[in-house]
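Undergrad: This is the content of input_1.csv (CSV, C-alpha atoms):
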chain,number,residue,atom,x,y,z
A,98,MET,CA,118.1,107.5,138.1
A,99,ARG,CA,120.1,104.4,139.1
A,100,ILE,CA,121.5,102.0,136.5
A,101,TYR,CA,123.0,98.7,137.5
A,102,LEU,CA,125.8,97.3,135.3
A,103,ASP,CA,127.4,95.0,137.8
A,104,HIS,CA,125.5,91.7,137.1
A,105,ASN,CA,128.6,89.6,137.4
A,106,ALA,CA,128.8,90.5,141.0
A,107,THR,CA,125.2,89.5,141.6
A,108,THR,CA,121.9,89.7,139.8
A,109,PRO,CA,118.4,90.9,141.0
A,110,VAL,CA,116.3,88.1,142.1
A,111,ALA,CA,113.7,87.3,139.4
A,112,PRO,CA,110.1,87.9,140.6
A,113,PRO,CA,109.0,84.2,140.1
A,114,VAL,CA,112.0,83.1,142.2
A,115,ALA,CA,111.0,85.4,145.1
A,116,GLU,CA,107.4,84.3,144.9
A,117,ALA,CA,108.4,80.6,144.9
A,118,MET,CA,110.7,81.1,147.9
A,119,ALA,CA,108.1,83.0,149.8
A,120,ARG,CA,105.6,80.2,149.3
A,121,VAL,CA,108.0,77.6,150.5
A,122,LEU,CA,109.0,79.6,153.5
A,123,ARG,CA,105.4,80.1,154.4
A,124,ASP,CA,103.9,76.7,153.6
A,125,GLU,CA,106.6,74.0,153.3
A,126,PHE,CA,108.7,74.0,156.5
A,127,GLY,CA,109.3,70.2,156.6
A,128,ASN,CA,112.8,68.7,156.8
A,129,PRO,CA,113.4,66.8,153.5
A,130,SER,CA,115.1,64.0,155.5
A,131,SER,CA,111.9,63.3,157.5
A,132,VAL,CA,109.8,60.3,156.4
A,133,HIS,CA,106.4,61.8,157.2
A,134,ALA,CA,104.3,63.8,154.8
A,135,PHE,CA,105.8,67.2,155.7
A,136,GLY,CA,109.3,66.0,155.0
A,137,GLN,CA,108.3,64.2,151.8
A,138,ARG,CA,106.7,67.3,150.4
A,139,ALA,CA,110.0,69.2,151.1
A,140,LYS,CA,112.0,66.4,149.5
A,141,ALA,CA,109.8,66.5,146.4
A,142,LEU,CA,110.6,70.2,146.1
A,143,LEU,CA,114.3,69.4,146.3
A,144,ASP,CA,114.0,66.8,143.6
A,145,GLU,CA,112.2,69.2,141.3
A,146,ALA,CA,114.8,71.8,141.8
A,147,ARG,CA,117.6,69.3,141.3
A,148,SER,CA,116.2,68.3,138.0
A,149,ALA,CA,115.9,71.9,136.9
A,150,VAL,CA,119.5,72.7,137.8
A,151,ALA,CA,120.7,69.6,136.1
A,152,ALA,CA,118.8,70.5,133.0
A,153,LEU,CA,120.5,73.9,132.8
A,154,VAL,CA,123.9,72.1,132.4
A,155,GLY,CA,122.7,69.0,130.5
A,156,GLY,CA,123.3,66.6,133.4
A,157,ALA,CA,121.3,64.1,135.5
A,158,ALA,CA,119.5,65.1,138.6
A,159,SER,CA,121.3,62.5,140.6
A,160,GLU,CA,124.7,64.2,139.8
A,161,ILE,CA,123.7,67.5,141.4
A,162,VAL,CA,124.9,68.3,144.9
A,163,PHE,CA,123.6,71.6,146.4
A,164,THR,CA,126.0,73.9,148.3
A,165,SER,CA,126.0,77.3,149.9
A,166,GLY,CA,127.2,78.9,146.7
A,167,GLY,CA,129.9,78.9,144.0
A,168,THR,CA,132.8,79.1,146.5
A,169,GLU,CA,131.7,76.0,148.4
A,170,ALA,CA,131.1,74.2,145.1
A,171,ASP,CA,134.7,75.0,144.0
A,172,ASN,CA,136.1,74.0,147.4
A,173,LEU,CA,134.2,70.7,147.3
A,174,ALA,CA,135.5,70.0,143.8
A,175,VAL,CA,139.1,70.9,144.4
A,176,ARG,CA,139.5,69.6,147.9
A,177,GLY,CA,137.3,66.6,147.3
A,178,ALA,CA,139.3,65.5,144.2
A,179,ALA,CA,142.7,66.2,145.9
A,180,GLU,CA,141.8,64.3,149.0
A,181,ALA,CA,139.9,61.4,147.5
A,182,PRO,CA,141.4,58.0,148.5
A,183,GLU,CA,141.0,56.9,144.9
A,184,SER,CA,143.2,59.7,143.5
A,185,GLY,CA,146.1,57.2,143.4
A,186,GLY,CA,148.3,59.3,145.6
A,187,GLY,CA,148.6,62.0,143.0
A,188,ARG,CA,149.5,65.3,144.8
A,189,HIS,CA,149.8,67.6,141.8
A,190,LEU,CA,147.0,70.1,141.0
A,191,VAL,CA,146.8,72.4,138.0
A,192,ALA,CA,144.7,75.5,137.4
A,193,SER,CA,144.8,78.6,135.2
A,194,ALA,CA,146.4,81.8,136.6
A,195,ILE,CA,143.1,83.7,136.2
A,196,GLU,CA,140.8,81.5,138.3
A,197,HIS,CA,138.5,82.9,140.9
A,198,GLU,CA,139.9,83.2,144.4
A,199,ALA,CA,137.7,80.3,145.4
A,200,VAL,CA,140.0,78.1,143.4
A,201,LEU,CA,143.3,79.9,143.8
A,202,ALA,CA,143.1,80.3,147.6
A,203,THR,CA,142.1,76.7,147.9
A,204,LEU,CA,145.1,75.6,145.9
A,205,LYS,CA,147.3,77.7,148.2
A,206,ALA,CA,145.8,76.0,151.3
A,207,LEU,CA,146.4,72.6,149.8
A,208,GLU,CA,150.0,73.6,148.8
A,209,ARG,CA,150.7,74.4,152.5
A,210,ARG,CA,149.6,70.8,153.3
A,211,GLY,CA,152.0,69.2,150.8
A,212,TRP,CA,150.3,69.3,147.4
A,213,ARG,CA,152.2,70.7,144.4
A,214,THR,CA,150.4,73.2,142.3
A,215,THR,CA,151.0,74.6,138.8
A,216,LEU,CA,149.3,77.8,137.4
A,217,LEU,CA,148.8,77.9,133.7
A,218,PRO,CA,149.6,81.1,131.9
A,219,VAL,CA,147.2,82.9,129.6
A,220,ASP,CA,147.8,84.9,126.4
A,221,ALA,CA,147.1,88.6,126.0
A,222,SER,CA,143.4,87.9,125.4
A,223,GLY,CA,143.1,85.8,128.6
A,224,VAL,CA,142.9,82.4,127.0
A,225,VAL,CA,144.8,79.2,128.2
A,226,ALA,CA,146.7,77.5,125.4
A,227,PRO,CA,146.3,73.7,125.4
A,228,ALA,CA,150.1,73.4,125.0
A,229,ALA,CA,150.5,75.0,128.4
A,230,LEU,CA,148.4,72.3,130.0
A,231,GLU,CA,150.2,69.6,128.0
A,232,ASN,CA,153.5,70.7,129.4
A,233,ALA,CA,152.2,70.9,133.0
A,234,LEU,CA,150.6,67.5,133.2
A,235,THR,CA,152.4,64.6,135.0
A,236,ASP,CA,151.5,61.1,136.1
A,237,GLN,CA,150.9,62.7,139.6
A,238,THR,CA,148.3,65.2,138.4
A,239,ALA,CA,145.0,64.5,140.3
A,240,LEU,CA,143.0,67.5,139.1
A,241,VAL,CA,142.9,70.2,136.5
A,242,SER,CA,140.7,73.3,137.2
A,243,VAL,CA,140.0,75.8,134.4
A,244,MET,CA,137.0,78.1,134.6
A,245,LEU,CA,134.6,78.2,131.7
A,246,ALA,CA,134.1,82.0,131.7
A,247,ASN,CA,136.2,84.5,133.5
A,248,ASN,CA,134.4,86.8,135.9
A,249,GLU,CA,136.4,89.9,135.1
A,250,ILE,CA,136.8,89.9,131.3
A,251,GLY,CA,134.2,87.3,130.3
A,252,THR,CA,136.6,85.3,128.2
A,253,LEU,CA,135.6,81.7,127.4
A,254,GLN,CA,138.2,78.9,127.7
A,255,PRO,CA,138.7,75.9,125.4
A,256,VAL,CA,137.4,73.6,128.2
A,257,ALA,CA,136.5,70.6,126.1
A,258,ALA,CA,140.0,70.4,124.6
A,259,LEU,CA,141.6,70.9,128.0
A,260,ALA,CA,139.4,68.3,129.6
A,261,ARG,CA,140.4,65.7,127.0
A,262,MET,CA,144.1,66.3,127.7
A,263,ALA,CA,143.5,66.0,131.5
A,264,HIS,CA,141.7,62.7,131.1
A,265,ALA,CA,144.5,61.3,128.9
A,266,ALA,CA,146.8,61.9,131.8
A,267,GLY,CA,144.5,60.3,134.3
A,268,ALA,CA,143.4,63.5,136.0
A,269,LEU,CA,139.9,64.8,136.8
A,270,PHE,CA,138.8,68.0,135.3
A,271,HIS,CA,136.8,70.7,137.1
A,272,THR,CA,135.4,73.9,135.6
A,273,ASP,CA,134.0,76.9,137.5
A,274,ALA,CA,130.9,77.7,135.4
A,275,VAL,CA,129.6,80.3,137.8
A,276,GLN,CA,129.8,83.2,135.2
A,277,ALA,CA,128.8,81.0,132.2
A,278,ALA,CA,125.6,79.3,133.3
A,279,GLY,CA,122.5,81.2,132.1
A,280,LYS,CA,124.6,83.3,129.7
A,281,VAL,CA,125.9,80.7,127.2
A,282,PRO,CA,124.9,77.1,126.5
A,283,VAL,CA,126.5,74.8,129.1
A,284,ASP,CA,126.5,71.1,128.5
A,285,VAL,CA,128.6,68.8,130.6
A,286,SER,CA,128.7,66.1,128.0
A,287,THR,CA,130.0,68.4,125.3
A,288,LEU,CA,132.5,69.9,127.7
A,289,GLY,CA,133.6,66.5,128.9
A,290,VAL,CA,134.2,67.7,132.4
A,291,ASP,CA,133.9,65.7,135.7
A,292,LEU,CA,133.0,68.6,138.1
A,293,LEU,CA,131.2,71.8,137.3
A,294,ALA,CA,130.3,74.6,139.8
A,295,LEU,CA,127.3,76.9,139.8
A,296,SER,CA,126.0,79.8,141.8
A,297,ALA,CA,122.3,80.8,141.9
A,298,HIS,CA,122.7,84.5,142.4
A,299,LYS,CA,124.5,84.9,139.1
A,300,PHE,CA,121.4,84.0,137.1
A,301,GLY,CA,118.5,85.5,138.9
A,302,GLY,CA,118.4,83.2,141.9
A,303,PRO,CA,119.1,84.0,145.6
A,304,LYS,CA,122.4,84.3,147.3
A,305,GLY,CA,123.7,81.6,149.6
A,306,VAL,CA,122.9,78.6,147.3
A,307,GLY,CA,124.9,76.9,144.6
A,308,ALA,CA,125.5,73.5,143.2
A,309,LEU,CA,128.3,71.2,142.1
A,310,TRP,CA,127.6,68.8,139.2
A,311,ILE,CA,129.6,65.6,139.8
A,312,ARG,CA,129.9,63.1,137.0
A,313,ARG,CA,128.7,59.7,138.1
A,314,GLY,CA,131.7,57.6,139.3
A,315,SER,CA,134.0,60.6,139.9
A,316,ARG,CA,136.3,60.2,142.9
A,317,LEU,CA,135.5,62.9,145.5
A,318,ALA,CA,135.9,63.2,149.2
A,319,ALA,CA,133.3,65.0,151.2
A,320,HIS,CA,134.6,68.0,153.2
A,321,MET,CA,131.5,68.5,155.4
A,322,THR,CA,130.7,65.4,157.4
A,323,GLY,CA,127.6,64.5,159.5
A,324,GLY,CA,124.3,63.3,158.0
A,325,ARG,CA,123.8,61.5,154.8
A,326,GLN,CA,122.3,64.4,152.9
A,327,GLU,CA,123.2,65.1,149.2
A,328,ARG,CA,124.2,61.4,148.7
A,329,ASN,CA,126.9,61.7,151.4
A,330,ARG,CA,128.6,64.5,149.6
A,331,ARG,CA,127.6,67.4,151.7
A,332,ALA,CA,126.1,66.9,155.2
A,333,GLY,CA,123.5,69.2,156.7
A,334,THR,CA,119.8,70.0,156.3
A,335,GLU,CA,119.3,71.5,152.9
A,336,ASN,CA,118.2,75.1,152.5
A,337,VAL,CA,114.9,74.2,150.9
A,338,PRO,CA,113.6,77.7,150.0
A,339,ALA,CA,116.9,78.8,148.5
A,340,ILE,CA,117.2,75.6,146.5
A,341,VAL,CA,113.7,75.9,145.2
A,342,GLY,CA,114.6,79.5,144.2
A,343,MET,CA,117.7,78.2,142.4
A,344,GLY,CA,115.6,75.7,140.5
A,345,VAL,CA,113.1,78.3,139.3
A,346,ALA,CA,116.0,80.6,138.3
A,347,ALA,CA,117.6,77.7,136.4
A,348,THR,CA,114.4,77.1,134.4
A,349,LEU,CA,113.9,80.8,133.6
A,350,ALA,CA,117.5,81.1,132.5
A,351,ALA,CA,117.3,78.0,130.3
A,352,ASP,CA,114.0,79.1,128.7
A,353,LYS,CA,115.3,82.6,127.7
A,354,LEU,CA,119.0,81.7,127.1
A,355,ASP,CA,119.3,82.3,123.3
A,356,GLU,CA,117.0,85.4,123.2
A,357,GLU,CA,118.7,87.0,126.2
A,358,ALA,CA,122.2,86.3,125.0
A,359,SER,CA,121.5,88.0,121.6
A,360,ARG,CA,119.9,91.0,123.4
A,361,LEU,CA,122.8,91.4,125.8
A,362,GLU,CA,125.5,91.0,123.1
A,363,ALA,CA,123.9,93.8,121.1
A,364,LEU,CA,123.8,96.1,124.1
A,365,ARG,CA,127.4,95.3,125.1
A,366,ASP,CA,128.6,95.9,121.6
A,367,ARG,CA,126.7,99.2,121.5
A,368,LEU,CA,128.3,100.2,124.8
A,369,GLU,CA,131.8,99.3,123.6
A,370,ARG,CA,131.4,100.9,120.2
A,371,GLU,CA,130.3,104.2,121.8
A,372,ILE,CA,133.0,104.2,124.4
A,373,LEU,CA,135.8,103.7,121.8
A,374,ALA,CA,134.3,106.3,119.5
A,375,ARG,CA,133.7,109.0,122.1
A,376,ILE,CA,136.6,108.6,124.5
A,377,ALA,CA,140.3,108.6,123.3
A,378,GLY,CA,142.8,106.3,125.0
A,379,THR,CA,140.4,103.4,125.7
A,380,ALA,CA,140.8,99.7,125.0
A,381,ILE,CA,138.7,96.5,125.4
A,382,ASN,CA,140.4,93.8,127.5
A,383,GLY,CA,139.8,90.1,126.7
A,384,ALA,CA,139.0,88.0,123.7
A,385,PRO,CA,136.5,90.0,121.6
A,386,GLY,CA,135.1,87.0,119.7
A,387,CYS,CA,135.1,84.4,122.5
A,388,ARG,CA,133.4,85.7,125.6
A,389,VAL,CA,130.1,85.7,127.4
A,390,PRO,CA,127.7,88.2,125.9
A,391,ASN,CA,127.1,90.5,128.9
A,392,THR,CA,130.7,91.4,130.0
A,393,SER,CA,133.0,94.2,128.9
A,394,ASN,CA,136.2,95.1,130.6
A,395,VAL,CA,137.6,98.5,129.5
A,396,SER,CA,140.8,100.4,130.2
A,397,PHE,CA,140.7,104.2,130.4
A,398,GLU,CA,144.2,105.7,129.9
A,399,GLY,CA,145.2,108.2,132.6
A,400,VAL,CA,142.3,107.4,134.9
A,401,GLU,CA,142.4,105.4,138.2
A,402,ALA,CA,139.7,102.8,138.1
A,403,GLU,CA,138.5,103.4,141.7
A,404,SER,CA,138.0,107.1,140.9
A,405,LEU,CA,136.1,106.3,137.8
A,406,LEU,CA,133.9,103.8,139.7
A,407,ILE,CA,133.1,106.5,142.2
A,408,GLY,CA,132.5,109.1,139.5
A,409,LEU,CA,130.0,106.9,137.7
A,410,ASP,CA,128.3,106.0,141.0
A,411,LEU,CA,127.7,109.7,141.6
A,412,GLU,CA,126.1,109.8,138.2
A,413,GLY,CA,123.8,106.9,139.2
A,414,VAL,CA,125.8,104.1,137.4
A,415,ALA,CA,127.0,101.0,139.3
A,416,VAL,CA,130.0,99.2,137.8
A,417,SER,CA,133.0,97.5,139.3
A,418,THR,CA,136.8,97.2,139.0
A,419,GLY,CA,136.6,93.4,138.9
A,420,SER,CA,135.6,90.6,141.2
A,421,ALA,CA,133.3,91.6,144.0
A,422,CYS,CA,135.0,89.0,146.2
A,423,SER,CA,138.3,91.0,145.8
A,424,SER,CA,136.7,94.4,146.6
A,425,GLY,CA,138.6,96.5,149.2
A,426,THR,CA,142.0,95.5,148.0
A,427,LEU,CA,144.4,97.9,146.4
A,428,GLU,CA,146.1,95.1,144.5
A,429,PRO,CA,145.7,95.3,140.7
A,430,SER,CA,143.6,92.6,139.1
A,431,HIS,CA,145.4,89.2,139.0
A,432,VAL,CA,143.5,88.5,135.8
A,433,LEU,CA,144.8,91.5,133.9
A,434,ARG,CA,148.3,91.0,135.3
A,435,ALA,CA,148.3,87.4,134.0
A,436,MET,CA,147.4,88.7,130.6
A,437,GLY,CA,150.6,90.8,130.6
A,438,LEU,CA,148.9,94.2,130.8
A,439,SER,CA,151.0,97.1,132.2
A,440,SER,CA,150.4,98.2,135.8
A,441,HIS,CA,149.0,101.5,134.5
A,442,ARG,CA,146.4,99.6,132.4
A,443,THR,CA,145.5,97.1,135.1
A,444,GLN,CA,144.8,100.0,137.4
A,445,SER,CA,142.7,101.9,134.9
A,446,SER,CA,140.2,99.2,134.0
A,447,ILE,CA,136.6,98.8,135.0
A,448,ARG,CA,134.1,96.0,134.3
A,449,PHE,CA,130.6,96.6,132.9
A,450,SER,CA,128.4,93.6,133.2
A,451,LEU,CA,124.9,93.7,131.8
A,452,GLY,CA,121.8,91.6,132.8
A,453,ALA,CA,118.1,91.2,132.7
A,454,THR,CA,117.3,94.7,133.8
A,455,THR,CA,119.6,96.4,131.3
A,456,THR,CA,118.0,98.5,128.5
A,457,VAL,CA,119.1,100.5,125.5
A,458,GLU,CA,118.2,103.6,127.5
A,459,ASP,CA,120.6,102.5,130.2
A,460,ILE,CA,123.5,102.1,127.8
A,461,ASP,CA,122.8,105.5,126.2
A,462,TYR,CA,122.6,107.1,129.6
A,463,VAL,CA,126.0,105.7,130.5
A,464,VAL,CA,127.8,106.6,127.2
A,465,ASP,CA,126.3,110.1,127.4
A,466,ARG,CA,127.8,110.8,130.8
A,467,LEU,CA,131.0,108.7,130.7
A,468,PRO,CA,133.1,111.1,128.5
A,469,ALA,CA,132.6,114.0,131.0
A,470,VAL,CA,133.4,111.8,134.0
A,471,VAL,CA,136.6,110.6,132.3
A,472,GLY,CA,137.5,114.1,131.1
A,473,LYS,CA,137.2,115.5,134.6
A,474,LEU,CA,139.3,112.8,136.1
A,475,ARG,CA,142.0,113.2,133.5
A,476,SER,CA,142.1,117.0,133.9
A,477,LEU,CA,142.8,116.5,137.6
A,478,VAL,CA,146.0,114.7,136.8
A,479,GLY,CA,146.9,117.0,133.9
A,480,ARG,CA,145.9,114.6,131.1
A,481,ARG,CA,143.4,115.1,128.3
Can the structure in the file be given as structure tokens, please?
TA:
Amino acid sequence: MRIYLDHNATTPVAPPVAEAMARVLRDEFGNPSSVHAFGQRAKALLDEARSAVAALVGGAASEIVFTSGGTEADNLAVRGAAEAPESGGGRHLVASAIEHEAVLATLKALERRGWRTTLLPVDASGVVAPAALENALTDQTALVSVMLANNEIGTLQPVAALARMAHAAGALFHTDAVQAAGKVPVDVSTLGVDLLALSAHKFGGPKGVGALWIRRGSRLAAHMTGGRQERNRRAGTENVPAIVGMGVAATLAADKLDEEASRLEALRDRLEREILARIAGTAINGAPGCRVPNTSNVSFEGVEAESLLIGLDLEGVAVSTGSACSSGTLEPSHVLRAMGLSSHRTQSSIRFSLGATTTVEDIDYVVDRLPAVVGKLRSLVGRR
């Protein structure tokens, strides 16, 4: 038996998505920039997908730029806003300390080129305080970037309040919504953001395709130049089959959003309740009442996270120690460290992330086997 509880790393492709992509690969090979009938059919497919993705976040189709994924969308937002001629010369960038590496590494790269950056602290539950942003803003701040939902602990940020503060200082606001879209309602008007990043494979779509929603009139420099595709924002022939897949996945996610969120929240709560009841020395990391419904980050005292991950994998259960993009590193989670957790706790935490394939039987299987795995690992280091 194999149980997959790592949906924040990637999700299985939904069957209707795979079917739509196969049809496009087989029948619709035209270049959407071509003016003949083959090209115009491909362009119509792009337009349909663009509308579907825009609808998922409450935006307009004309404001969607397709990318190769969430990382490129974040890069286009951060680099594009920083380098835009209309930025007024502001060379100060602000982000939270728990952003995805797609944002943090981009800030570091810009810092080496002369931009000044500020990372906002978070509290013990992983939430940015508006006062921290207020203290960081200057008249040179060009962009503020705070993710909507954290990929490791699931915590939701007060993005709407933070965006209002950024705008009052004359800065653009970007949010990485990669882990939020398809799990909680996302509406760009309610959030008040200028830039919002998405990734298809986080909500049942294919890997290798994402999108950046760009509020009309927002200043942004393209970082891929060439043709005039994507309204001059991102040159290169579009990946039509993948984009079609993202559009189908967006529609499916929107249609089942409320029902699936309630189902996953109940399963996640069942998982946490049983872990805390059956295994001593455990704790939930993050903001219990303000997070996406599918994510649980749990610390197991006296157990190395990597060992627990391997132990669970041997039992047929797939989980993670945090961001899949940071796998292979021995460094403790920068998210948990920013929350002020001890080094022991950061190194003993694993992430369970549920999804469309998760069932009650899966959760019960995990909690039935987890105590023995933890007990065995603790006994190896002389703890009980």
Undergrad: Which residues are near Ile447 in chain A? Cut-off 6 Å, all atoms listed in the file, ignore same chain within fewer than 6 positions. Put them as a VMD selection string.
TA: chain A and resid 394 to 395 402 417 to 418
Undergrad: Please report, as a tab-separated table, each residue of range 143-240 of chain A lying at most 8 Å from range 328-338 of chain A, together with the nearest pair of atoms and the separation in Å rounded to one decimal; use only C-alpha atoms, and order rows by chain and ascending residue number.
TA:
residue	atom	partner	partner_atom	distance
A:Leu143	CA	A:Val337	CA	6.7
A:Val162	CA	A:Arg330	CA	7.1
A:Phe163	CA	A:Glu335	CA	7.8
A:Thr164	CA	A:Arg331	CA	7.5
Undergrad: Give me, as a ChimeraX atom specification, all polymer residues having an atom no more than 9 Å from range 430-441 of chain A, counting all atoms listed in the file and skipping those fewer than 3 positions away in the same chain.
TA: /A:194-196,218-224,247,249-250,382-383,398-401,418-420,423,444-446
Undergrad: Calculate how many Å separate CA of Ala152 in chain A from CA of Ala277 in chain A, rounding to one decimal.
TA: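 Here the two named atoms are 14.5 Å from each other.
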Undergrad: Please identify all polymer residues within 12 Å of Ala351 in chain A, counting all atoms listed in the file, omitting same-chain residues fewer than 6 positions from it, and present them as a ChimeraX atom specification.
TA: /A:149-155,278-284,300-301,344-345,357-358
Undergrad: Can I get the selected residues back with C-alpha atoms, as an mmCIF file, in the frame of the given file?
TA:
data_model
loop_
_atom_site.group_PDB
_atom_site.id
_atom_site.type_symbol
_atom_site.label_atom_id
_atom_site.label_comp_id
_atom_site.auth_asym_id
_atom_site.auth_seq_id
_atom_site.Cartn_x
_atom_site.Cartn_y
_atom_site.Cartn_z
ATOM 1 C CA ALA A 149 115.900 71.900 136.900
ATOM 2 C CA VAL A 150 119.500 72.700 137.800
ATOM 3 C CA ALA A 151 120.700 69.600 136.100
ATOM 4 C CA ALA A 152 118.800 70.500 133.000
ATOM 5 C CA LEU A 153 120.500 73.900 132.800
ATOM 6 C CA VAL A 154 123.900 72.100 132.400
ATOM 7 C CA GLY A 155 122.700 69.000 130.500
ATOM 8 C CA ALA A 278 125.600 79.300 133.300
ATOM 9 C CA GLY A 279 122.500 81.200 132.100
ATOM 10 C CA LYS A 280 124.600 83.300 129.700
ATOM 11 C CA VAL A 281 125.900 80.700 127.200
ATOM 12 C CA PRO A 282 124.900 77.100 126.500
ATOM 13 C CA VAL A 283 126.500 74.800 129.100
ATOM 14 C CA ASP A 284 126.500 71.100 128.500
ATOM 15 C CA PHE A 300 121.400 84.000 137.100
ATOM 16 C CA GLY A 301 118.500 85.500 138.900
ATOM 17 C CA GLY A 344 115.600 75.700 140.500
ATOM 18 C CA VAL A 345 113.100 78.300 139.300
ATOM 19 C CA GLU A 357 118.700 87.000 126.200
ATOM 20 C CA ALA A 358 122.200 86.300 125.000
#
Undergrad: Skipping near chain neighbours, those fewer than 2 positions away, what residues fall within 8 Å of range 212-214 of chain A using only C-alpha atoms, listed as a list in words?
TA: Arg188, His189, Leu190, Val191, Ala192, Leu204, Leu207, Glu208, Arg209, Arg210 and Leu216 of chain A
Undergrad: Using all atoms listed in the file, what residues lie at most 12 Å away from (127.6, 76.9, 139.7) (file coordinates), given as an MDAnalysis selection string?
TA: chainID A and resid 150:151 153:154 161:174 244:246 271:279 283 292:300 302 304:311 343 347
Undergrad: Could you check which of A:Gly452, A:Pro468, A:Pro303, A:Gly289 is closest to Ser359 in chain A, using all atoms listed in the file?
TA: A:Gly452
